[in-house]
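Student: What follows is the file target.csv, containing CSV, C-alpha atoms:
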chain,number,residue,atom,x,y,z
A,11,MET,CA,-27.7,4.9,-0.2
A,12,SER,CA,-27.1,5.5,-3.9
A,13,THR,CA,-23.8,4.8,-5.6
A,14,SER,CA,-23.3,8.5,-6.2
A,15,ASP,CA,-23.4,9.1,-2.4
A,16,LYS,CA,-20.8,6.5,-1.6
A,17,PRO,CA,-17.1,7.3,-1.4
A,18,VAL,CA,-14.8,6.2,-4.2
A,19,VAL,CA,-12.0,3.8,-3.2
A,20,VAL,CA,-8.6,4.8,-4.6
A,21,LEU,CA,-6.1,1.9,-4.5
A,22,VAL,CA,-2.4,2.5,-4.8
A,23,HIS,CA,0.0,-0.4,-5.3
A,24,GLY,CA,3.5,-0.6,-3.9
A,25,ALA,CA,6.9,-1.6,-5.2
A,26,PHE,CA,7.3,-4.9,-7.1
A,27,ALA,CA,3.5,-5.0,-8.0
A,28,GLU,CA,1.2,-3.2,-10.4
A,29,SER,CA,-2.3,-1.9,-10.5
A,30,ALA,CA,-3.9,-5.2,-11.5
A,31,SER,CA,-2.7,-6.6,-8.2
A,32,TRP,CA,-5.9,-5.2,-6.8
A,33,ASN,CA,-8.2,-7.0,-9.2
A,34,ARG,CA,-9.7,-9.5,-6.7
A,35,VAL,CA,-10.3,-6.8,-4.2
A,36,ILE,CA,-12.0,-4.6,-6.8
A,37,ARG,CA,-14.4,-7.4,-7.7
A,38,ARG,CA,-15.5,-7.6,-4.1
A,39,LEU,CA,-15.8,-3.9,-3.7
A,40,HIS,CA,-17.9,-3.7,-6.9
A,41,GLY,CA,-20.1,-6.5,-5.4
A,42,ARG,CA,-20.8,-4.1,-2.5
A,43,GLY,CA,-21.7,-1.2,-4.8
A,44,LEU,CA,-18.4,0.6,-4.3
A,45,ARG,CA,-16.6,2.3,-7.1
A,46,ALA,CA,-12.8,1.7,-7.2
A,47,VAL,CA,-9.9,3.2,-9.1
A,48,ALA,CA,-6.5,1.6,-9.1
A,49,ALA,CA,-3.8,4.2,-9.6
A,50,ALA,CA,-0.5,3.4,-11.4
A,51,ASN,CA,2.1,4.4,-8.8
A,52,PRO,CA,5.2,5.7,-10.6
A,53,LEU,CA,7.6,4.4,-8.0
A,54,ARG,CA,10.2,7.1,-8.8
A,55,ASP,CA,10.4,9.3,-5.8
A,56,LEU,CA,8.1,10.0,-2.8
A,57,ALA,CA,7.2,13.6,-3.6
A,58,GLY,CA,6.4,12.9,-7.2
A,59,ASP,CA,4.5,9.7,-6.5
A,60,ALA,CA,2.4,11.5,-3.9
A,61,ALA,CA,1.7,14.4,-6.3
A,62,TYR,CA,0.5,12.0,-8.9
A,63,VAL,CA,-1.8,10.2,-6.4
A,64,ARG,CA,-3.1,13.6,-5.3
A,65,ASP,CA,-4.0,14.3,-9.0
A,66,VAL,CA,-5.9,11.0,-9.1
A,67,ILE,CA,-7.8,11.9,-5.9
A,68,ARG,CA,-8.8,15.4,-7.3
A,69,ALA,CA,-9.9,13.9,-10.6
A,70,VAL,CA,-12.3,11.6,-8.8
A,71,ASP,CA,-14.0,14.7,-7.4
A,72,ARG,CA,-15.8,12.7,-4.7
A,73,PRO,CA,-15.0,11.7,-1.1
A,74,VAL,CA,-12.3,9.1,-1.1
A,75,VAL,CA,-11.2,6.1,0.9
A,76,LEU,CA,-7.4,6.0,0.1
A,77,VAL,CA,-5.7,2.6,0.2
A,78,GLY,CA,-2.0,1.9,0.0
A,79,HIS,CA,0.0,-1.4,-0.2
A,80,SER,CA,3.6,-1.6,1.0
A,81,TYR,CA,5.6,1.5,-0.2
A,82,ALA,CA,2.3,3.1,-1.2
A,83,GLY,CA,1.7,3.6,2.5
A,84,MET,CA,4.4,6.2,2.3
A,85,VAL,CA,2.7,7.7,-0.7
A,86,ILE,CA,-0.8,7.9,0.8
A,87,SER,CA,0.5,9.3,4.1
A,88,GLN,CA,1.9,12.3,2.1
A,89,ALA,CA,-0.7,12.6,-0.7
A,90,ALA,CA,-3.7,12.8,1.7
A,91,ALA,CA,-2.1,15.4,4.0
A,92,GLY,CA,-4.3,18.5,3.7
A,93,GLU,CA,-6.5,16.9,1.1
A,94,PRO,CA,-10.1,17.3,2.2
A,95,ALA,CA,-11.5,14.7,-0.2
A,96,VAL,CA,-9.7,11.9,1.7
A,97,ARG,CA,-11.9,10.8,4.5
A,98,SER,CA,-10.2,7.6,5.7
A,99,LEU,CA,-7.1,5.6,5.0
A,100,VAL,CA,-6.4,1.8,4.7
A,101,TYR,CA,-2.9,0.5,5.0
A,102,VAL,CA,-2.5,-3.0,3.4
A,103,GLY,CA,0.8,-4.5,4.5
A,104,ALA,CA,2.0,-1.0,4.3
A,105,PHE,CA,4.4,1.5,5.7
A,106,THR,CA,2.9,4.2,7.9
A,107,PRO,CA,5.6,6.8,8.3
A,108,ASP,CA,6.0,9.7,10.6
A,109,THR,CA,7.7,12.9,9.4
A,110,GLY,CA,11.2,12.2,8.1
A,111,GLU,CA,10.9,8.4,8.2
A,112,SER,CA,11.7,6.4,5.0
A,113,ALA,CA,10.5,3.0,3.8
A,114,LEU,CA,14.1,1.7,4.2
A,115,GLN,CA,14.3,3.0,7.7
A,116,LEU,CA,11.0,1.5,8.8
A,117,SER,CA,11.6,-1.9,7.2
A,118,GLY,CA,14.8,-2.3,9.3
A,119,LYS,CA,13.2,-1.1,12.5
A,120,PHE,CA,12.3,-4.7,13.5
A,121,GLU,CA,14.0,-7.9,12.5
A,122,GLY,CA,12.4,-10.3,10.0
A,123,SER,CA,12.6,-8.7,6.5
A,124,THR,CA,14.5,-10.7,4.0
A,125,LEU,CA,13.8,-8.4,1.1
A,126,GLY,CA,17.3,-7.1,0.7
A,127,GLU,CA,18.6,-10.6,-0.1
A,128,ALA,CA,16.1,-11.0,-2.9
A,129,LEU,CA,16.7,-7.7,-4.7
A,130,VAL,CA,18.5,-7.1,-8.0
A,131,ALA,CA,19.9,-3.5,-8.5
A,132,TYR,CA,20.9,-1.8,-11.7
A,133,PRO,CA,21.5,1.9,-12.7
A,134,VAL,CA,18.8,4.0,-14.5
A,135,GLY,CA,19.4,6.8,-17.0
A,136,SER,CA,17.9,9.4,-14.7
A,137,GLY,CA,20.5,8.7,-12.1
A,138,GLY,CA,20.9,6.3,-9.2
A,139,ASN,CA,19.7,2.7,-9.1
A,140,GLU,CA,16.4,0.9,-9.1
A,141,PHE,CA,15.4,-2.5,-7.7
A,142,ARG,CA,13.3,-5.4,-8.7
A,143,ILE,CA,12.9,-8.8,-7.0
A,144,ASP,CA,14.9,-11.6,-8.6
A,145,GLU,CA,12.3,-13.6,-10.4
A,146,GLU,CA,13.6,-16.9,-9.0
A,147,LYS,CA,13.1,-15.5,-5.5
A,148,TYR,CA,9.8,-13.7,-6.0
A,149,HIS,CA,7.4,-16.5,-5.1
A,150,HIS,CA,9.0,-17.2,-1.7
A,151,GLN,CA,9.7,-13.5,-0.9
A,152,PHE,CA,6.6,-11.7,-2.1
A,153,CYS,CA,3.7,-14.1,-2.4
A,154,ALA,CA,4.4,-17.5,-0.8
A,155,ASP,CA,0.7,-18.2,-0.3
A,156,LEU,CA,-0.1,-18.0,-4.0
A,157,ASP,CA,0.4,-20.8,-6.5
A,158,ALA,CA,3.6,-20.9,-8.5
A,159,ASP,CA,2.0,-20.0,-11.9
A,160,GLU,CA,0.4,-16.9,-10.5
A,161,ALA,CA,3.6,-15.9,-8.7
A,162,ALA,CA,5.5,-16.3,-12.0
A,163,LEU,CA,3.1,-13.9,-13.7
A,164,MET,CA,3.4,-11.4,-10.9
A,165,ALA,CA,7.2,-11.6,-11.0
A,166,ALA,CA,7.2,-10.9,-14.8
A,167,THR,CA,4.8,-7.9,-14.4
A,168,GLN,CA,6.3,-6.4,-11.3
A,169,ARG,CA,7.2,-2.7,-11.5
A,170,PRO,CA,10.6,-1.8,-10.1
A,171,VAL,CA,11.2,1.0,-7.6
A,172,THR,CA,14.0,3.5,-7.4
A,173,GLU,CA,16.5,3.6,-4.5
A,174,LYS,CA,15.4,7.2,-4.1
A,175,ALA,CA,11.8,6.3,-3.5
A,176,LEU,CA,12.8,3.8,-0.8
A,177,THR,CA,15.1,6.3,1.0
A,178,ASP,CA,13.1,9.5,0.7
A,179,GLY,CA,11.8,10.6,4.1
A,180,LEU,CA,8.2,11.7,4.6
A,181,GLU,CA,8.2,15.4,3.9
A,182,THR,CA,4.9,16.6,5.4
A,183,ASP,CA,4.8,17.9,9.0
A,184,GLU,CA,1.4,16.3,9.4
A,185,PRO,CA,1.1,12.7,8.1
A,186,ALA,CA,-2.4,12.0,7.0
A,187,TRP,CA,-2.9,9.3,9.5
A,188,ARG,CA,-2.6,11.9,12.3
A,189,THR,CA,-5.8,13.6,11.1
A,190,ARG,CA,-7.8,10.8,9.3
A,191,PRO,CA,-9.1,7.5,10.7
A,192,SER,CA,-7.1,4.5,9.6
A,193,TRP,CA,-7.5,0.8,9.2
A,194,PHE,CA,-4.8,-1.9,8.8
A,195,VAL,CA,-4.7,-5.4,7.3
A,196,PHE,CA,-1.5,-7.4,6.8
A,197,GLY,CA,0.0,-10.9,6.7
A,198,GLY,CA,1.5,-12.5,9.7
A,199,SER,CA,4.2,-14.1,7.5
A,200,ASP,CA,5.1,-10.9,5.5
A,201,LEU,CA,8.8,-11.2,4.5
A,202,ASN,CA,9.0,-7.6,3.1
A,203,ILE,CA,7.7,-5.7,6.1
A,204,PRO,CA,7.9,-7.6,9.4
A,205,ALA,CA,4.5,-8.1,11.1
A,206,GLU,CA,6.0,-6.6,14.3
A,207,ALA,CA,6.8,-3.4,12.3
A,208,ILE,CA,3.2,-3.1,11.1
A,209,ARG,CA,1.8,-3.7,14.6
A,210,PHE,CA,4.0,-0.9,15.8
A,211,MET,CA,2.8,1.5,13.0
A,212,ALA,CA,-0.9,0.5,13.5
A,213,ASP,CA,-0.7,1.2,17.2
A,214,ARG,CA,1.1,4.5,16.6
A,215,ALA,CA,-1.7,5.5,14.2
A,216,SER,CA,-4.4,4.6,16.6
A,217,SER,CA,-5.9,2.1,14.1
A,218,ARG,CA,-9.7,1.9,14.1
A,219,GLY,CA,-9.5,-1.7,13.1
A,220,THR,CA,-6.5,-4.1,12.5
A,221,ARG,CA,-6.6,-7.5,10.8
A,222,GLU,CA,-3.5,-9.7,11.0
A,223,ILE,CA,-3.9,-12.8,8.9
A,224,PRO,CA,-1.8,-15.7,10.2
A,225,GLY,CA,0.4,-17.3,7.5
A,226,ALA,CA,-0.4,-14.6,4.9
A,227,SER,CA,2.4,-13.2,2.7
A,228,HIS,CA,3.1,-9.6,1.7
A,229,ALA,CA,0.8,-10.0,-1.3
A,230,VAL,CA,-2.4,-9.9,0.8
A,231,ALA,CA,-4.5,-8.1,-1.7
A,232,ALA,CA,-4.0,-11.1,-4.1
A,233,SER,CA,-4.0,-13.9,-1.6
A,234,GLN,CA,-6.5,-12.6,1.0
A,235,PRO,CA,-8.9,-10.4,-1.0
A,236,ASP,CA,-11.9,-11.1,1.3
A,237,ALA,CA,-10.1,-9.7,4.3
A,238,VAL,CA,-8.6,-6.8,2.5
A,239,ALA,CA,-12.0,-5.9,0.9
A,240,ALA,CA,-13.7,-6.2,4.3
A,241,THR,CA,-11.3,-3.8,5.9
A,242,ILE,CA,-11.8,-1.3,3.1
A,243,ILE,CA,-15.6,-1.6,3.4
A,244,GLU,CA,-15.3,-0.9,7.1
A,245,ALA,CA,-13.5,2.3,6.3
A,246,ALA,CA,-16.0,3.2,3.7
A,247,ASP,CA,-18.9,2.5,6.0
A,248,HIS,CA,-17.3,4.8,8.6
A,249,GLU,CA,-17.0,7.6,6.1
A,250,GLN,CA,-20.7,7.2,5.1
A,251,GLY,CA,-21.7,7.2,8.8
How would this structure read if it were set down as structure tokens?
Tutor:
Amino acid sequence: MSTSDKPVVVLVHGAFAESASWNRVIRRLHGRGLRAVAAANPLRDLAGDAAYVRDVIRAVDRPVVLVGHSYAGMVISQAAAGEPAVRSLVYVGAFTPDTGESALQLSGKFEGSTLGEALVAYPVGSGGNEFRIDEEKYHHQFCADLDADEAALMAATQRPVTEKALTDGLETDEPAWRTRPSWFVFGGSDLNIPAEAIRFMADRASSRGTREIPGASHAVAASQPDAVAATIIEAADHEQG
């Protein structure tokens, strides 16, 4: 199959990360002949973030495998609703909300998240607050399975998220995972979104394939790129089939 016949992988980062967090995954996708686009998620509010990702999808003008990490699971669940170009979804340590559910609500559904204790909050000019992870706590909280130097770089380049984005409920009456096949990959030692919560969401979404990586952190795209890429390739192969 030629490259022009293959779907494009659109990767959406979550809070406290940025688009380069997908670099290792992208290298592996390129090695398999898959084109990938890493979108810069605004992290301002769910409706606006989803609208932006929808614009990225439409600009690609090809069938899409849509991938979201963390909060971006909220975004892709809304952005892909009613969007025919999106053929499959991949949730990477990500929220998979039903109508009305927020990231904050889902993160507290099961015990185990220590994210709240690691956050620094401050007001923003547009109103409300935004959050970032305290740089001294970032390594342990977000990416404990990466070395300290890389964790320090990630902490310095993290993009903060607004309180509004984390508390907005999913607006669509038909979350994309109800009408698209979905795959899941996540770390068993995720301190942001408890593994139990992701297992629940994967089961609810009738996941076509779930990889739980023992000992892996929330930053699975950086620390476990082989497993993440393999999951995305499975979704892409399903779309081509």
Student: For CA of Ser29 in chain A and CA of Glu160 in chain A, determine how far apart the two atoms are, in Å to one decimal place.
Tutor: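 Those two atoms sit 15.2 Å apart.
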Student: Skipping near chain neighbours, those fewer than 6 positions away, what residues fall within 8 Å of range 30-36 of chain A using only C-alpha atoms, listed as a list in words?
Tutor: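 Within the cut-off, the hits are Leu21, His23, Ala46, Ala48, Ala231, Ala232, Pro235, Asp236, Val238 and Ala239 of chain A.
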Student: May I have the residues within 6 Å of range 107-112 of chain A as a PDB file with C-alpha atoms, in the coordinates of the input, using only C-alpha atoms and disregarding those fewer than 3 positions away in the same chain?
Tutor:
ATOM      1  CA  GLN A 115      14.300   3.000   7.700  1.00  0.00           C
ATOM      2  CA  THR A 177      15.100   6.300   1.000  1.00  0.00           C
ATOM      3  CA  ASP A 178      13.100   9.500   0.700  1.00  0.00           C
ATOM      4  CA  GLY A 179      11.800  10.600   4.100  1.00  0.00           C
ATOM      5  CA  LEU A 180       8.200  11.700   4.600  1.00  0.00           C
ATOM      6  CA  ASP A 183       4.800  17.900   9.000  1.00  0.00           C
TER       7      ASP A 183
END
Student: Quick one: contact table of range 172-231 of chain A to range 49-65 of chain A, 6 Å max, nearest atom pair and distance in Å to one decimal per residue, counting all atoms listed in the file, chain and number order, as a Markdown table?
Tutor:
| residue | atom | partner | partner_atom | distance |
| --- | --- | --- | --- | --- |
| A:Thr172 | CA | A:Arg54 | CA | 5.4 |
| A:Lys174 | CA | A:Asp55 | CA | 5.7 |
| A:Ala175 | CA | A:Asp55 | CA | 4.0 |
Student: Using C-alpha atoms, can you export the residues from the last selection as a PDB file, in the frame of the given file?
Tutor:
ATOM      1  CA  THR A 172      14.000   3.500  -7.400  1.00  0.00           C
ATOM      2  CA  LYS A 174      15.400   7.200  -4.100  1.00  0.00           C
ATOM      3  CA  ALA A 175      11.800   6.300  -3.500  1.00  0.00           C
TER       4      ALA A 175
END
Student: Give me the residues of range 54-82 of chain A that have any atom at most 12 Å from an atom of range 202-209 of chain A; for each, the nearest atom pair and the distance in Å, rounded to one decimal. Use only C-alpha atoms, sort by chain and number, and format it as CSV.
Tutor:
residue,atom,partner,partner_atom,distance
A:His79,CA,A:Ile203,CA,10.8
A:Ser80,CA,A:Ile203,CA,7.7
A:Tyr81,CA,A:Ile203,CA,9.8
Student: Just the residues within 12 Å of Glu140 in chain A, please, counting all atoms listed in the file, with nothing from its chain fewer than 2 positions along; format it as a PyMOL selection string.
Tutor: chain A and resi 25-26+53-55+129-138+142-143+169-177
Student: Give me, please, the distance in Å between CA of Ile242 in chain A and CA of Leu125 in chain A, quoted to one decimal.
Tutor: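 Going from CA of Ile242 in chain A over to CA of Leu125 in chain A covers 26.6 Å.
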Student: Compare A:Phe194, A:His248, A:Ser227, A:Met84 by their minimum atom-to-atom distance to Asp213 in chain A, counting all atoms listed in the file, and give me the closest one.
Tutor: A:Phe194
Student: Mind giving me the straight-line distance from CA of Leu39 in chain A to CA of Ala69 in chain A in Å, one decimal?
Tutor: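 Computed distance, CA of Leu39 in chain A to CA of Ala69 in chain A, equals 20.0 Å.
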Student: So, counting all atoms listed in the file, which residue among A:Arg218, A:Arg190, A:His149, A:His228 is closest to Glu93 in chain A?
Tutor: A:Arg190
Student: Would you pick out the contacts of range 94-105 of chain A at 6 Å or less, using all atoms listed in the file, so that residues sharing its chain but fewer than 2 positions from it are not included, and give the list as an MDAnalysis selection string?
Tutor: chainID A and resid 73:80 83:84 190:196
Student: Taking into account all atoms listed in the file, which residue in the set A:Val20, A:Ala27, A:Ala229, A:Ala91 is nearest to Phe152 in chain A?
Tutor: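 With all atoms listed in the file as the atom set, the closest residue is A:Ala229.
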Student: So which one's closest to Ser199 in chain A, A:Glu127, A:Lys147, A:Arg68, A:Gly122? Using only C-alpha atoms, please.
Tutor: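 Among A:Glu127, A:Lys147, A:Arg68, A:Gly122, it is A:Gly122 that comes nearest to Ser199 in chain A.
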Student: Reconstruct N, CA and C atoms of range 23-42 of chain A; output as an mmCIF file, in the frame of the given file.
Tutor:
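Full text of part_13.cif as output:
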data_model
loop_
_atom_site.group_PDB
_atom_site.id
_atom_site.type_symbol
_atom_site.label_atom_id
_atom_site.label_comp_id
_atom_site.auth_asym_id
_atom_site.auth_seq_id
_atom_site.Cartn_x
_atom_site.Cartn_y
_atom_site.Cartn_z
ATOM 1 N N HIS A 23 -0.895 0.738 -5.518
ATOM 2 C CA HIS A 23 0.000 -0.400 -5.300
ATOM 3 C C HIS A 23 1.382 0.056 -4.888
ATOM 4 N N GLY A 24 2.151 -0.873 -4.360
ATOM 5 C CA GLY A 24 3.500 -0.600 -3.900
ATOM 6 C C GLY A 24 4.541 -1.062 -4.893
ATOM 7 N N ALA A 25 5.770 -1.166 -4.411
ATOM 8 C CA ALA A 25 6.900 -1.600 -5.200
ATOM 9 C C ALA A 25 6.702 -3.125 -5.549
ATOM 10 N N PHE A 26 7.229 -3.514 -6.709
ATOM 11 C CA PHE A 26 7.300 -4.900 -7.100
ATOM 12 C C PHE A 26 5.868 -5.485 -7.418
ATOM 13 N N ALA A 27 4.903 -4.601 -7.655
ATOM 14 C CA ALA A 27 3.500 -5.000 -8.000
ATOM 15 C C ALA A 27 3.057 -4.035 -9.094
ATOM 16 N N GLU A 28 1.792 -4.115 -9.450
ATOM 17 C CA GLU A 28 1.200 -3.200 -10.400
ATOM 18 C C GLU A 28 -0.285 -3.075 -10.131
ATOM 19 N N SER A 29 -0.973 -2.195 -10.836
ATOM 20 C CA SER A 29 -2.300 -1.900 -10.500
ATOM 21 C C SER A 29 -3.291 -3.067 -10.523
ATOM 22 N N ALA A 30 -3.014 -4.035 -11.400
ATOM 23 C CA ALA A 30 -3.900 -5.200 -11.500
ATOM 24 C C ALA A 30 -3.775 -6.109 -10.256
ATOM 25 N N SER A 31 -2.811 -5.850 -9.391
ATOM 26 C CA SER A 31 -2.700 -6.600 -8.200
ATOM 27 C C SER A 31 -3.924 -6.442 -7.265
ATOM 28 N N TRP A 32 -4.724 -5.418 -7.541
ATOM 29 C CA TRP A 32 -5.900 -5.200 -6.800
ATOM 30 C C TRP A 32 -7.183 -5.814 -7.376
ATOM 31 N N ASN A 33 -7.061 -6.551 -8.477
ATOM 32 C CA ASN A 33 -8.200 -7.000 -9.200
ATOM 33 C C ASN A 33 -9.235 -7.784 -8.335
ATOM 34 N N ARG A 34 -8.761 -8.706 -7.509
ATOM 35 C CA ARG A 34 -9.700 -9.500 -6.700
ATOM 36 C C ARG A 34 -10.386 -8.643 -5.646
ATOM 37 N N VAL A 35 -9.676 -7.678 -5.117
ATOM 38 C CA VAL A 35 -10.300 -6.800 -4.200
ATOM 39 C C VAL A 35 -11.349 -5.908 -4.852
ATOM 40 N N ILE A 36 -11.027 -5.429 -6.039
ATOM 41 C CA ILE A 36 -12.000 -4.600 -6.800
ATOM 42 C C ILE A 36 -13.266 -5.326 -7.069
ATOM 43 N N ARG A 37 -13.169 -6.599 -7.461
ATOM 44 C CA ARG A 37 -14.400 -7.400 -7.700
ATOM 45 C C ARG A 37 -15.280 -7.394 -6.471
ATOM 46 N N ARG A 38 -14.694 -7.564 -5.322
ATOM 47 C CA ARG A 38 -15.500 -7.600 -4.100
ATOM 48 C C ARG A 38 -16.051 -6.262 -3.712
ATOM 49 N N LEU A 39 -15.308 -5.204 -3.972
ATOM 50 C CA LEU A 39 -15.800 -3.900 -3.700
ATOM 51 C C LEU A 39 -17.003 -3.550 -4.646
ATOM 52 N N HIS A 40 -16.844 -3.917 -5.913
ATOM 53 C CA HIS A 40 -17.900 -3.700 -6.900
ATOM 54 C C HIS A 40 -19.190 -4.486 -6.415
ATOM 55 N N GLY A 41 -18.978 -5.673 -5.876
ATOM 56 C CA GLY A 41 -20.100 -6.500 -5.400
ATOM 57 C C GLY A 41 -20.849 -5.806 -4.243
ATOM 58 N N ARG A 42 -20.191 -4.884 -3.555
ATOM 59 C CA ARG A 42 -20.800 -4.100 -2.500
ATOM 60 C C ARG A 42 -21.250 -2.732 -2.931
#
